[in-house]
$ cat final-v9.cif   # mmCIF, C-alpha atoms (C1' of nucleotides)
data_entry
#
loop_
_atom_site.group_PDB
_atom_site.id
_atom_site.type_symbol
_atom_site.label_atom_id
_atom_site.label_comp_id
_atom_site.auth_asym_id
_atom_site.auth_seq_id
_atom_site.Cartn_x
_atom_site.Cartn_y
_atom_site.Cartn_z
ATOM 1 C CA MET A 1 3.344 -36.017 -22.762
ATOM 2 C CA LYS A 2 0.298 -35.858 -20.519
ATOM 3 C CA LEU A 3 -1.792 -32.689 -20.244
ATOM 4 C CA ALA A 4 -4.512 -32.349 -17.625
ATOM 5 C CA THR A 5 -7.183 -29.979 -16.389
ATOM 6 C CA PHE A 6 -8.722 -29.849 -12.951
ATOM 7 C CA ASN A 7 -11.268 -27.385 -11.613
ATOM 8 C CA ILE A 8 -10.011 -27.640 -8.053
ATOM 9 C CA ASN A 9 -12.728 -25.521 -6.359
ATOM 10 C CA GLY A 10 -10.419 -23.957 -3.776
ATOM 11 C CA VAL A 11 -6.715 -24.751 -4.172
ATOM 12 C CA ASN A 12 -5.926 -24.400 -0.462
ATOM 13 C CA GLY A 13 -8.977 -26.221 0.837
ATOM 14 C CA ARG A 14 -8.213 -29.107 -1.525
ATOM 15 C CA LEU A 15 -4.438 -29.059 -1.537
ATOM 16 C CA GLU A 16 -4.298 -32.616 -0.177
ATOM 17 C CA VAL A 17 -6.504 -33.810 -3.022
ATOM 18 C CA LEU A 18 -4.378 -31.997 -5.593
ATOM 19 C CA LEU A 19 -1.081 -33.370 -4.277
ATOM 20 C CA ARG A 20 -2.430 -36.903 -3.963
ATOM 21 C CA TRP A 21 -3.709 -36.800 -7.533
ATOM 22 C CA LEU A 22 -0.486 -35.253 -8.922
ATOM 23 C CA ALA A 23 1.585 -37.983 -7.280
ATOM 24 C CA ALA A 24 -0.601 -40.733 -8.717
ATOM 25 C CA ALA A 25 -1.390 -39.348 -12.175
ATOM 26 C CA GLN A 26 1.991 -37.729 -12.934
ATOM 27 C CA PRO A 27 0.755 -35.260 -15.574
ATOM 28 C CA ASP A 28 3.420 -33.130 -17.292
ATOM 29 C CA VAL A 29 1.189 -30.054 -17.476
ATOM 30 C CA VAL A 30 -1.894 -29.187 -15.416
ATOM 31 C CA CYS A 31 -4.387 -26.371 -15.901
ATOM 32 C CA LEU A 32 -6.196 -25.457 -12.678
ATOM 33 C CA GLN A 33 -9.354 -23.387 -12.276
ATOM 34 C CA GLU A 34 -11.249 -21.909 -9.354
ATOM 35 C CA LEU A 35 -8.232 -21.306 -7.139
ATOM 36 C CA LYS A 36 -10.387 -19.150 -4.850
ATOM 37 C CA CYS A 37 -7.384 -17.395 -3.371
ATOM 38 C CA PRO A 38 -5.494 -14.136 -3.849
ATOM 39 C CA ASP A 39 -2.060 -14.395 -5.501
ATOM 40 C CA GLU A 40 -0.173 -14.262 -2.217
ATOM 41 C CA ARG A 41 -2.005 -17.298 -0.861
ATOM 42 C CA PHE A 42 -1.275 -19.628 -3.781
ATOM 43 C CA PRO A 43 0.430 -22.727 -2.280
ATOM 44 C CA GLU A 44 3.569 -22.475 -4.394
ATOM 45 C CA ALA A 45 5.932 -24.178 -1.949
ATOM 46 C CA ALA A 46 3.865 -27.361 -1.725
ATOM 47 C CA ILE A 47 3.539 -27.507 -5.504
ATOM 48 C CA LEU A 48 7.282 -26.988 -5.993
ATOM 49 C CA ASP A 49 7.874 -29.795 -3.491
ATOM 50 C CA ALA A 50 5.658 -32.007 -5.627
ATOM 51 C CA GLY A 51 7.945 -31.361 -8.595
ATOM 52 C CA TYR A 52 6.003 -28.690 -10.466
ATOM 53 C CA GLN A 53 6.737 -25.140 -11.460
ATOM 54 C CA ALA A 54 3.680 -22.909 -11.434
ATOM 55 C CA ILE A 55 2.255 -19.673 -12.739
ATOM 56 C CA TRP A 56 -1.056 -18.324 -11.521
ATOM 57 C CA GLN A 57 -3.510 -15.477 -11.646
ATOM 58 C CA GLY A 58 -5.722 -15.362 -8.569
ATOM 59 C CA GLU A 59 -8.175 -12.976 -6.987
ATOM 60 C CA LYS A 60 -9.938 -12.573 -3.669
ATOM 61 C CA SER A 61 -12.565 -15.266 -2.954
ATOM 62 C CA TRP A 62 -13.452 -16.546 -6.423
ATOM 63 C CA ASN A 63 -12.219 -17.701 -9.823
ATOM 64 C CA GLY A 64 -8.458 -17.814 -10.439
ATOM 65 C CA VAL A 65 -6.400 -19.982 -12.834
ATOM 66 C CA ALA A 66 -2.960 -21.597 -12.769
ATOM 67 C CA ILE A 67 -0.674 -23.718 -14.931
ATOM 68 C CA LEU A 68 1.649 -26.308 -13.392
ATOM 69 C CA SER A 69 4.458 -27.944 -15.343
ATOM 70 C CA LYS A 70 7.325 -30.318 -14.767
ATOM 71 C CA THR A 71 9.360 -28.339 -17.298
ATOM 72 C CA LYS A 72 10.056 -24.680 -17.954
ATOM 73 C CA ILE A 73 7.079 -22.328 -18.219
ATOM 74 C CA GLN A 74 7.247 -19.157 -20.238
ATOM 75 C CA VAL A 75 4.348 -16.854 -19.351
ATOM 76 C CA VAL A 76 2.686 -15.291 -22.384
ATOM 77 C CA GLN A 77 -0.576 -13.782 -21.132
ATOM 78 C CA ARG A 78 -2.290 -12.995 -17.880
ATOM 79 C CA GLY A 79 -5.932 -12.337 -18.656
ATOM 80 C CA LEU A 80 -7.512 -12.465 -22.093
ATOM 81 C CA PRO A 81 -5.907 -10.220 -24.716
ATOM 82 C CA GLY A 82 -8.343 -7.485 -25.692
ATOM 83 C CA TYR A 83 -10.231 -7.787 -22.401
ATOM 84 C CA ALA A 84 -8.128 -5.755 -19.974
ATOM 85 C CA ASP A 85 -11.232 -4.754 -17.996
ATOM 86 C CA ASP A 86 -12.393 -8.326 -17.360
ATOM 87 C CA PRO A 87 -13.519 -8.164 -13.726
ATOM 88 C CA HIS A 88 -12.396 -11.772 -13.027
ATOM 89 C CA SER A 89 -9.183 -13.843 -13.248
ATOM 90 C CA ARG A 90 -10.151 -16.427 -15.854
ATOM 91 C CA TYR A 91 -7.281 -16.841 -18.290
ATOM 92 C CA ILE A 92 -3.562 -17.480 -18.255
ATOM 93 C CA GLU A 93 -1.375 -18.599 -21.137
ATOM 94 C CA ALA A 94 2.133 -19.972 -21.400
ATOM 95 C CA ILE A 95 4.568 -21.659 -23.741
ATOM 96 C CA ILE A 96 5.679 -25.076 -22.518
ATOM 97 C CA ASN A 97 7.655 -27.534 -24.661
ATOM 98 C CA LYS A 98 7.048 -25.376 -27.746
ATOM 99 C CA MET A 99 3.280 -25.528 -27.276
ATOM 100 C CA VAL A 100 0.948 -22.669 -26.473
ATOM 101 C CA ILE A 101 -1.065 -23.702 -23.414
ATOM 102 C CA GLY A 102 -4.125 -21.560 -22.705
ATOM 103 C CA CYS A 103 -5.816 -22.234 -19.366
ATOM 104 C CA LEU A 104 -9.351 -20.897 -19.065
ATOM 105 C CA TYR A 105 -12.288 -20.707 -16.696
ATOM 106 C CA LEU A 106 -15.247 -19.583 -18.748
ATOM 107 C CA PRO A 107 -18.044 -17.868 -16.787
ATOM 108 C CA ASN A 108 -20.896 -20.024 -15.546
ATOM 109 C CA GLY A 109 -23.538 -17.565 -16.752
ATOM 110 C CA ASN A 110 -26.465 -18.547 -14.551
ATOM 111 C CA PRO A 111 -29.083 -17.461 -14.033
ATOM 112 C CA TYR A 112 -30.394 -17.178 -17.579
ATOM 113 C CA PRO A 113 -31.420 -14.644 -18.699
ATOM 114 C CA GLY A 114 -29.515 -11.821 -17.068
ATOM 115 C CA GLU A 115 -26.274 -9.911 -16.680
ATOM 116 C CA LYS A 116 -24.278 -13.007 -15.792
ATOM 117 C CA PHE A 117 -25.393 -14.759 -18.945
ATOM 118 C CA ASP A 118 -24.522 -11.657 -20.988
ATOM 119 C CA TYR A 119 -21.071 -11.685 -19.370
ATOM 120 C CA LYS A 120 -20.632 -15.341 -20.306
ATOM 121 C CA LEU A 121 -21.364 -14.641 -23.964
ATOM 122 C CA ARG A 122 -19.168 -11.533 -23.947
ATOM 123 C CA TRP A 123 -16.297 -13.550 -22.449
ATOM 124 C CA PHE A 124 -16.858 -16.294 -25.010
ATOM 125 C CA ARG A 125 -16.636 -13.747 -27.866
ATOM 126 C CA LYS A 126 -13.361 -12.317 -26.535
ATOM 127 C CA PHE A 127 -11.983 -15.816 -26.060
ATOM 128 C CA ALA A 128 -12.979 -16.936 -29.553
ATOM 129 C CA ALA A 129 -11.329 -13.862 -31.063
ATOM 130 C CA HIS A 130 -8.099 -14.752 -29.266
ATOM 131 C CA ALA A 131 -8.383 -18.412 -30.288
ATOM 132 C CA LYS A 132 -8.753 -17.320 -33.909
ATOM 133 C CA LYS A 133 -5.502 -15.341 -33.694
ATOM 134 C CA LEU A 134 -3.675 -18.356 -32.262
ATOM 135 C CA LYS A 135 -5.105 -20.549 -34.990
ATOM 136 C CA ASP A 136 -4.084 -18.115 -37.718
ATOM 137 C CA LYS A 137 -0.512 -18.075 -36.414
ATOM 138 C CA GLY A 138 -0.405 -21.840 -36.971
ATOM 139 C CA LEU A 139 1.315 -22.544 -33.654
ATOM 140 C CA PRO A 140 0.783 -25.852 -31.834
ATOM 141 C CA ALA A 141 -1.799 -24.772 -29.307
ATOM 142 C CA ALA A 142 -4.091 -26.303 -26.682
ATOM 143 C CA LEU A 143 -6.962 -24.377 -25.069
ATOM 144 C CA ILE A 144 -7.653 -26.245 -21.874
ATOM 145 C CA GLY A 145 -10.040 -25.784 -18.995
ATOM 146 C CA ASP A 146 -13.528 -25.418 -17.645
ATOM 147 C CA TYR A 147 -15.666 -24.133 -20.516
ATOM 148 C CA ASN A 148 -18.885 -24.297 -18.491
ATOM 149 C CA VAL A 149 -20.641 -25.618 -21.607
ATOM 150 C CA MET A 150 -22.063 -29.038 -22.348
ATOM 151 C CA PRO A 151 -21.623 -29.103 -26.133
ATOM 152 C CA THR A 152 -24.244 -31.772 -26.948
ATOM 153 C CA GLU A 153 -26.952 -33.893 -25.334
ATOM 154 C CA LEU A 154 -24.425 -36.696 -24.844
ATOM 155 C CA ASP A 155 -22.644 -34.431 -22.367
ATOM 156 C CA VAL A 156 -25.623 -34.145 -19.972
ATOM 157 C CA TYR A 157 -27.170 -36.858 -17.801
ATOM 158 C CA LYS A 158 -30.656 -35.409 -18.362
ATOM 159 C CA PRO A 159 -30.673 -32.892 -21.221
ATOM 160 C CA GLU A 160 -34.342 -31.929 -20.892
ATOM 161 C CA LYS A 161 -33.649 -30.494 -17.437
ATOM 162 C CA TYR A 162 -30.992 -28.143 -18.777
ATOM 163 C CA ALA A 163 -32.657 -26.369 -21.709
ATOM 164 C CA GLU A 164 -32.870 -23.076 -19.793
ATOM 165 C CA ASN A 165 -29.555 -23.474 -18.019
ATOM 166 C CA ALA A 166 -26.689 -21.169 -19.052
ATOM 167 C CA LEU A 167 -24.377 -24.194 -19.365
ATOM 168 C CA PHE A 168 -26.622 -25.723 -22.028
ATOM 169 C CA ARG A 169 -28.483 -22.755 -23.526
ATOM 170 C CA LYS A 170 -28.492 -22.765 -27.309
ATOM 171 C CA GLU A 171 -26.444 -19.549 -27.320
ATOM 172 C CA SER A 172 -23.704 -21.210 -25.230
ATOM 173 C CA ARG A 173 -23.633 -24.337 -27.365
ATOM 174 C CA ALA A 174 -23.625 -22.264 -30.553
ATOM 175 C CA ALA A 175 -20.639 -20.267 -29.275
ATOM 176 C CA TYR A 176 -18.767 -23.502 -28.549
ATOM 177 C CA LYS A 177 -19.665 -24.871 -31.976
ATOM 178 C CA ARG A 178 -18.454 -21.696 -33.703
ATOM 179 C CA LEU A 179 -15.189 -21.958 -31.791
ATOM 180 C CA LEU A 180 -14.667 -25.558 -32.955
ATOM 181 C CA ALA A 181 -15.459 -24.450 -36.508
ATOM 182 C CA GLN A 182 -12.286 -22.353 -36.461
ATOM 183 C CA GLY A 183 -10.531 -25.703 -36.762
ATOM 184 C CA TRP A 184 -10.088 -26.902 -33.174
ATOM 185 C CA THR A 185 -10.457 -30.538 -32.133
ATOM 186 C CA ASP A 186 -12.356 -31.476 -28.960
ATOM 187 C CA ALA A 187 -9.792 -34.101 -27.920
ATOM 188 C CA ILE A 188 -11.875 -36.175 -25.510
ATOM 189 C CA ARG A 189 -14.846 -36.318 -27.876
ATOM 190 C CA ARG A 190 -12.564 -37.225 -30.797
ATOM 191 C CA LEU A 191 -11.370 -40.357 -29.002
ATOM 192 C CA TYR A 192 -14.678 -41.176 -27.312
ATOM 193 C CA PRO A 193 -17.493 -40.182 -29.697
ATOM 194 C CA ASP A 194 -20.153 -42.274 -27.928
ATOM 195 C CA VAL A 195 -19.227 -42.157 -24.218
ATOM 196 C CA PRO A 196 -20.536 -39.377 -21.923
ATOM 197 C CA MET A 197 -17.123 -38.684 -20.312
ATOM 198 C CA TYR A 198 -18.571 -36.486 -17.569
ATOM 199 C CA THR A 199 -16.140 -34.264 -15.655
ATOM 200 C CA PHE A 200 -18.523 -32.721 -13.093
ATOM 201 C CA TRP A 201 -20.991 -34.081 -10.549
ATOM 202 C CA ASP A 202 -22.930 -31.691 -8.328
ATOM 203 C CA TYR A 203 -22.552 -31.953 -4.555
ATOM 204 C CA LEU A 204 -26.343 -31.970 -4.292
ATOM 205 C CA ARG A 205 -28.667 -34.954 -4.306
ATOM 206 C CA GLN A 206 -25.859 -37.517 -4.400
ATOM 207 C CA ALA A 207 -25.163 -36.665 -8.019
ATOM 208 C CA TYR A 208 -21.898 -38.614 -8.091
ATOM 209 C CA GLN A 209 -23.460 -41.770 -6.695
ATOM 210 C CA ARG A 210 -26.231 -41.487 -9.305
ATOM 211 C CA ASP A 211 -23.723 -40.609 -12.058
ATOM 212 C CA ALA A 212 -25.781 -37.464 -12.704
ATOM 213 C CA GLY A 213 -22.871 -35.731 -14.404
ATOM 214 C CA LEU A 214 -21.958 -33.083 -16.942
ATOM 215 C CA ARG A 215 -19.037 -32.780 -19.350
ATOM 216 C CA LEU A 216 -17.745 -29.240 -18.815
ATOM 217 C CA ASP A 217 -13.952 -29.506 -19.029
ATOM 218 C CA HIS A 218 -12.492 -29.657 -22.508
ATOM 219 C CA PHE A 219 -9.232 -29.813 -24.454
ATOM 220 C CA LEU A 220 -9.302 -27.949 -27.754
ATOM 221 C CA LEU A 221 -6.310 -28.811 -29.924
ATOM 222 C CA SER A 222 -4.850 -27.198 -33.007
ATOM 223 C CA ASN A 223 -4.236 -29.524 -35.977
ATOM 224 C CA THR A 224 -0.624 -30.357 -35.248
ATOM 225 C CA LEU A 225 -1.467 -31.355 -31.676
ATOM 226 C CA ALA A 226 -4.624 -33.230 -32.688
ATOM 227 C CA ASP A 227 -2.464 -35.357 -34.988
ATOM 228 C CA ARG A 228 -0.367 -36.344 -31.963
ATOM 229 C CA LEU A 229 -3.326 -37.325 -29.766
ATOM 230 C CA THR A 230 -2.940 -40.867 -28.385
ATOM 231 C CA GLY A 231 -5.186 -41.059 -25.332
ATOM 232 C CA ALA A 232 -7.685 -39.302 -23.082
ATOM 233 C CA GLY A 233 -9.607 -39.917 -19.901
ATOM 234 C CA VAL A 234 -11.312 -38.611 -16.796
ATOM 235 C CA ASP A 235 -9.973 -39.579 -13.371
ATOM 236 C CA LYS A 236 -13.493 -40.093 -12.133
ATOM 237 C CA HIS A 237 -12.473 -41.863 -8.938
ATOM 238 C CA VAL A 238 -10.963 -38.609 -7.632
ATOM 239 C CA ARG A 239 -14.504 -37.209 -7.370
ATOM 240 C CA GLY A 240 -15.180 -39.901 -4.761
ATOM 241 C CA TRP A 241 -12.304 -38.909 -2.467
ATOM 242 C CA GLU A 242 -12.681 -37.128 0.880
ATOM 243 C CA LYS A 243 -12.908 -33.349 0.412
ATOM 244 C CA ALA A 244 -13.277 -33.803 -3.350
ATOM 245 C CA SER A 245 -13.860 -30.959 -5.780
ATOM 246 C CA ASP A 246 -17.152 -31.172 -7.676
ATOM 247 C CA HIS A 247 -15.053 -31.653 -10.840
ATOM 248 C CA ALA A 248 -12.807 -34.627 -11.584
ATOM 249 C CA PRO A 249 -9.449 -34.187 -13.353
ATOM 250 C CA ALA A 250 -9.436 -34.860 -17.106
ATOM 251 C CA TRP A 251 -6.366 -35.605 -19.202
ATOM 252 C CA ILE A 252 -5.017 -36.322 -22.663
ATOM 253 C CA THR A 253 -1.755 -37.811 -23.918
ATOM 254 C CA LEU A 254 0.253 -36.665 -26.939
ATOM 255 C CA LYS A 255 2.971 -38.657 -28.652
ATOM 256 C CA LYS A 256 6.580 -37.370 -28.693
ATOM 257 C "C1'" DA B 1 -41.051 -24.364 -6.069
ATOM 258 C "C1'" DT B 2 -37.451 -25.310 -2.643
ATOM 259 C "C1'" DG B 3 -33.642 -27.480 -0.351
ATOM 260 C "C1'" DC B 4 -30.587 -30.691 -0.915
ATOM 261 C "C1'" DC B 5 -23.917 -29.499 -0.827
ATOM 262 C "C1'" DT B 6 -19.515 -26.738 -0.314
ATOM 263 C "C1'" DA B 7 -16.268 -22.581 -0.016
ATOM 264 C "C1'" DG B 8 -15.387 -17.768 1.146
ATOM 265 C "C1'" DT B 9 -16.285 -13.779 3.862
ATOM 266 C "C1'" DG B 10 -16.214 -12.247 8.338
ATOM 267 C "C1'" DA B 11 -18.367 -13.342 12.301
ATOM 268 C "C1'" DT B 12 -24.538 -13.770 9.750
ATOM 269 C "C1'" DA B 13 -26.499 -15.084 6.718
ATOM 270 C "C1'" DC B 14 -25.222 -13.973 2.590
ATOM 271 C "C1'" DT B 15 -23.053 -14.865 -2.510
ATOM 272 C "C1'" DA B 16 -21.472 -18.100 -5.773
ATOM 273 C "C1'" DG B 17 -21.158 -22.268 -7.901
ATOM 274 C "C1'" DA B 18 -23.619 -25.399 -12.133
#
$ encode --input "final-v9.cif" --output "structure tokens"
Amino acid sequence: MKLATFNINGVNGRLEVLLRWLAAAQPDVVCLQELKCPDERFPEAAILDAGYQAIWQGEKSWNGVAILSKTKIQVVQRGLPGYADDPHSRYIEAIINKMVIGCLYLPNGNPYPGEKFDYKLRWFRKFAAHAKKLKDKGLPAALIGDYNVMPTELDVYKPEKYAENALFRKESRAAYKRLLAQGWTDAIRRLYPDVPMYTFWDYLRQAYQRDAGLRLDHFLLSNTLADRLTGAGVDKHVRGWEKASDHAPAWITLKK
DNA sequence: ATGCCTAGTGATACTAGA
């Protein structure tokens, strides 16, 4: 079983990239972020043609999340529980193959300090409270997506440049660390403790060519799923394609 | 310190991203 996440940065503008990658990578489940389209413009037909069912939660212009799956999807949540007045579409949750799959797009939070950073931390608190409930239920669960946090210095090409950046602020990293302390496993870091494993390269200044990357997209696994973890990777080459997103797809494999 | 890039909106230079 292969689970993937891909911040697509415009699902219609990059539909060709998405379909090409799906055909090559053949993930069983995909969490998408930054759809940048209202619900009625989600490209469901093309995704069905590619062999995937889909659920999504979009909005005009920005944000938006979706889950694709080769097998049956049971929708559990649209939006974060306990955050009905969240102004953005950033969370969707489903049960697939007896696993809880939470797909998230955590706020960027820049510039720091300011209202956007406060919103990031508020969103993180609501998300962590929900994660705790899932953990306490003891269900096999995976919280997958763009966390907009580099957890450690290994996750940043030049850490000293990012000390004041919302993605790397101590408050953001502390929130991520507290979340892990609930008992979640950062799947990619578990298998690759010493490799950067970047998932994002800025469009500016030829960041991809310089490998000036960030690790922003994460898989947090409950214990039963962490025990089944067999592989992980980043499809870095996809970032080099025509019309690429600024993120590359990341994936993990689970046995059985 | 700023633009460097890219998408969306709406028809222009903005916001937003990270």
$ resolve_selection --input "final-v9.cif" --expression "the PyMOL selection byres ((chain B) within 12 of (chain A))" --output "list of chain:residue names"
B:DG3, B:DC4, B:DC5, B:DT6, B:DA7, B:DG8, B:DT9, B:DT15, B:DA16, B:DG17, B:DA18
$ resolve_selection --input "final-v9.cif" --expression "the PyMOL selection byres ((chain A and resi 241) around 12)" --output "VMD selection string"
chain A and resid 14 16 to 18 20 to 21 208 235 to 240 242 to 248
$ atom_distance --input "final-v9.cif" --atom1 "atom CA of A:Pro159" --atom2 "atom CA of A:Tyr112"
16.1 Å
$ closest_residue --input "final-v9.cif" --among "A:Tyr52, A:Phe117, A:Trp184, A:Tyr83" --to "A:Arg169" --atoms "all atoms listed in the file"
A:Phe117
$ residues_around --input "final-v9.cif" --residues "A:Asp86" --least-positions-apart "2" --cutoff "12 Å" --atoms "all atoms listed in the file" --output "ChimeraX atom specification"
/A:78-84,88-91,106-107,119-120,122-124,126-127
$ atom_distance --input "final-v9.cif" --atom1 "atom CA of A:Ala141" --atom2 "atom CA of A:Pro87"
25.6 Å
$ atom_distance --input "final-v9.cif" --atom1 "atom CA of A:Gly231" --atom2 "atom CA of A:Lys2"
9.0 Å
$ build_atoms --input "final-v9.cif" --residues "stretch 53-73 of chain A" --atoms "N, CA and C atoms" --output "short mmCIF file (atom, residue, chain, number, x, y, z; two decimals), keeping the file's coordinate frame"
data_model
loop_
_atom_site.label_atom_id
_atom_site.label_comp_id
_atom_site.auth_asym_id
_atom_site.auth_seq_id
_atom_site.Cartn_x
_atom_site.Cartn_y
_atom_site.Cartn_z
N GLN A 53 6.72 -26.59 -11.40
CA GLN A 53 6.74 -25.14 -11.46
C GLN A 53 5.30 -24.66 -11.65
N ALA A 54 5.06 -23.40 -11.31
CA ALA A 54 3.68 -22.91 -11.43
C ALA A 54 3.64 -21.44 -11.79
N ILE A 55 2.63 -21.08 -12.55
CA ILE A 55 2.26 -19.67 -12.74
C ILE A 55 0.78 -19.58 -12.41
N TRP A 56 0.35 -18.43 -11.93
CA TRP A 56 -1.06 -18.32 -11.52
C TRP A 56 -1.54 -16.89 -11.60
N GLN A 57 -2.84 -16.77 -11.64
CA GLN A 57 -3.51 -15.48 -11.65
C GLN A 57 -4.74 -15.64 -10.76
N GLY A 58 -4.63 -15.18 -9.52
CA GLY A 58 -5.72 -15.36 -8.57
C GLY A 58 -6.52 -14.10 -8.37
N GLU A 59 -7.43 -14.16 -7.43
CA GLU A 59 -8.18 -12.98 -6.99
C GLU A 59 -8.81 -13.34 -5.65
N LYS A 60 -9.30 -12.33 -4.95
CA LYS A 60 -9.94 -12.57 -3.67
C LYS A 60 -11.20 -13.43 -3.86
N SER A 61 -11.33 -14.47 -3.08
CA SER A 61 -12.56 -15.27 -2.95
C SER A 61 -12.91 -16.23 -4.08
N TRP A 62 -12.87 -15.75 -5.34
CA TRP A 62 -13.45 -16.55 -6.42
C TRP A 62 -12.50 -16.70 -7.60
N ASN A 63 -12.90 -17.57 -8.53
CA ASN A 63 -12.22 -17.70 -9.82
C ASN A 63 -10.74 -18.03 -9.64
N GLY A 64 -9.89 -17.55 -10.55
CA GLY A 64 -8.46 -17.81 -10.44
C GLY A 64 -8.04 -19.03 -11.25
N VAL A 65 -6.91 -18.90 -11.97
CA VAL A 65 -6.40 -19.98 -12.83
C VAL A 65 -4.90 -20.13 -12.64
N ALA A 66 -4.39 -21.33 -12.91
CA ALA A 66 -2.96 -21.60 -12.77
C ALA A 66 -2.54 -22.66 -13.77
N ILE A 67 -1.25 -22.65 -14.11
CA ILE A 67 -0.67 -23.72 -14.93
C ILE A 67 0.51 -24.28 -14.17
N LEU A 68 0.53 -25.60 -14.02
CA LEU A 68 1.65 -26.31 -13.39
C LEU A 68 2.38 -27.08 -14.48
N SER A 69 3.70 -27.20 -14.34
CA SER A 69 4.46 -27.94 -15.34
C SER A 69 5.72 -28.52 -14.74
N LYS A 70 6.08 -29.71 -15.21
CA LYS A 70 7.32 -30.32 -14.77
C LYS A 70 8.52 -29.67 -15.44
N THR A 71 8.27 -29.00 -16.58
CA THR A 71 9.36 -28.34 -17.30
C THR A 71 9.09 -26.84 -17.39
N LYS A 72 10.05 -26.14 -17.95
CA LYS A 72 10.06 -24.68 -17.95
C LYS A 72 8.76 -24.07 -18.52
N ILE A 73 8.29 -23.04 -17.82
CA ILE A 73 7.08 -22.33 -18.22
C ILE A 73 7.46 -20.91 -18.63
#
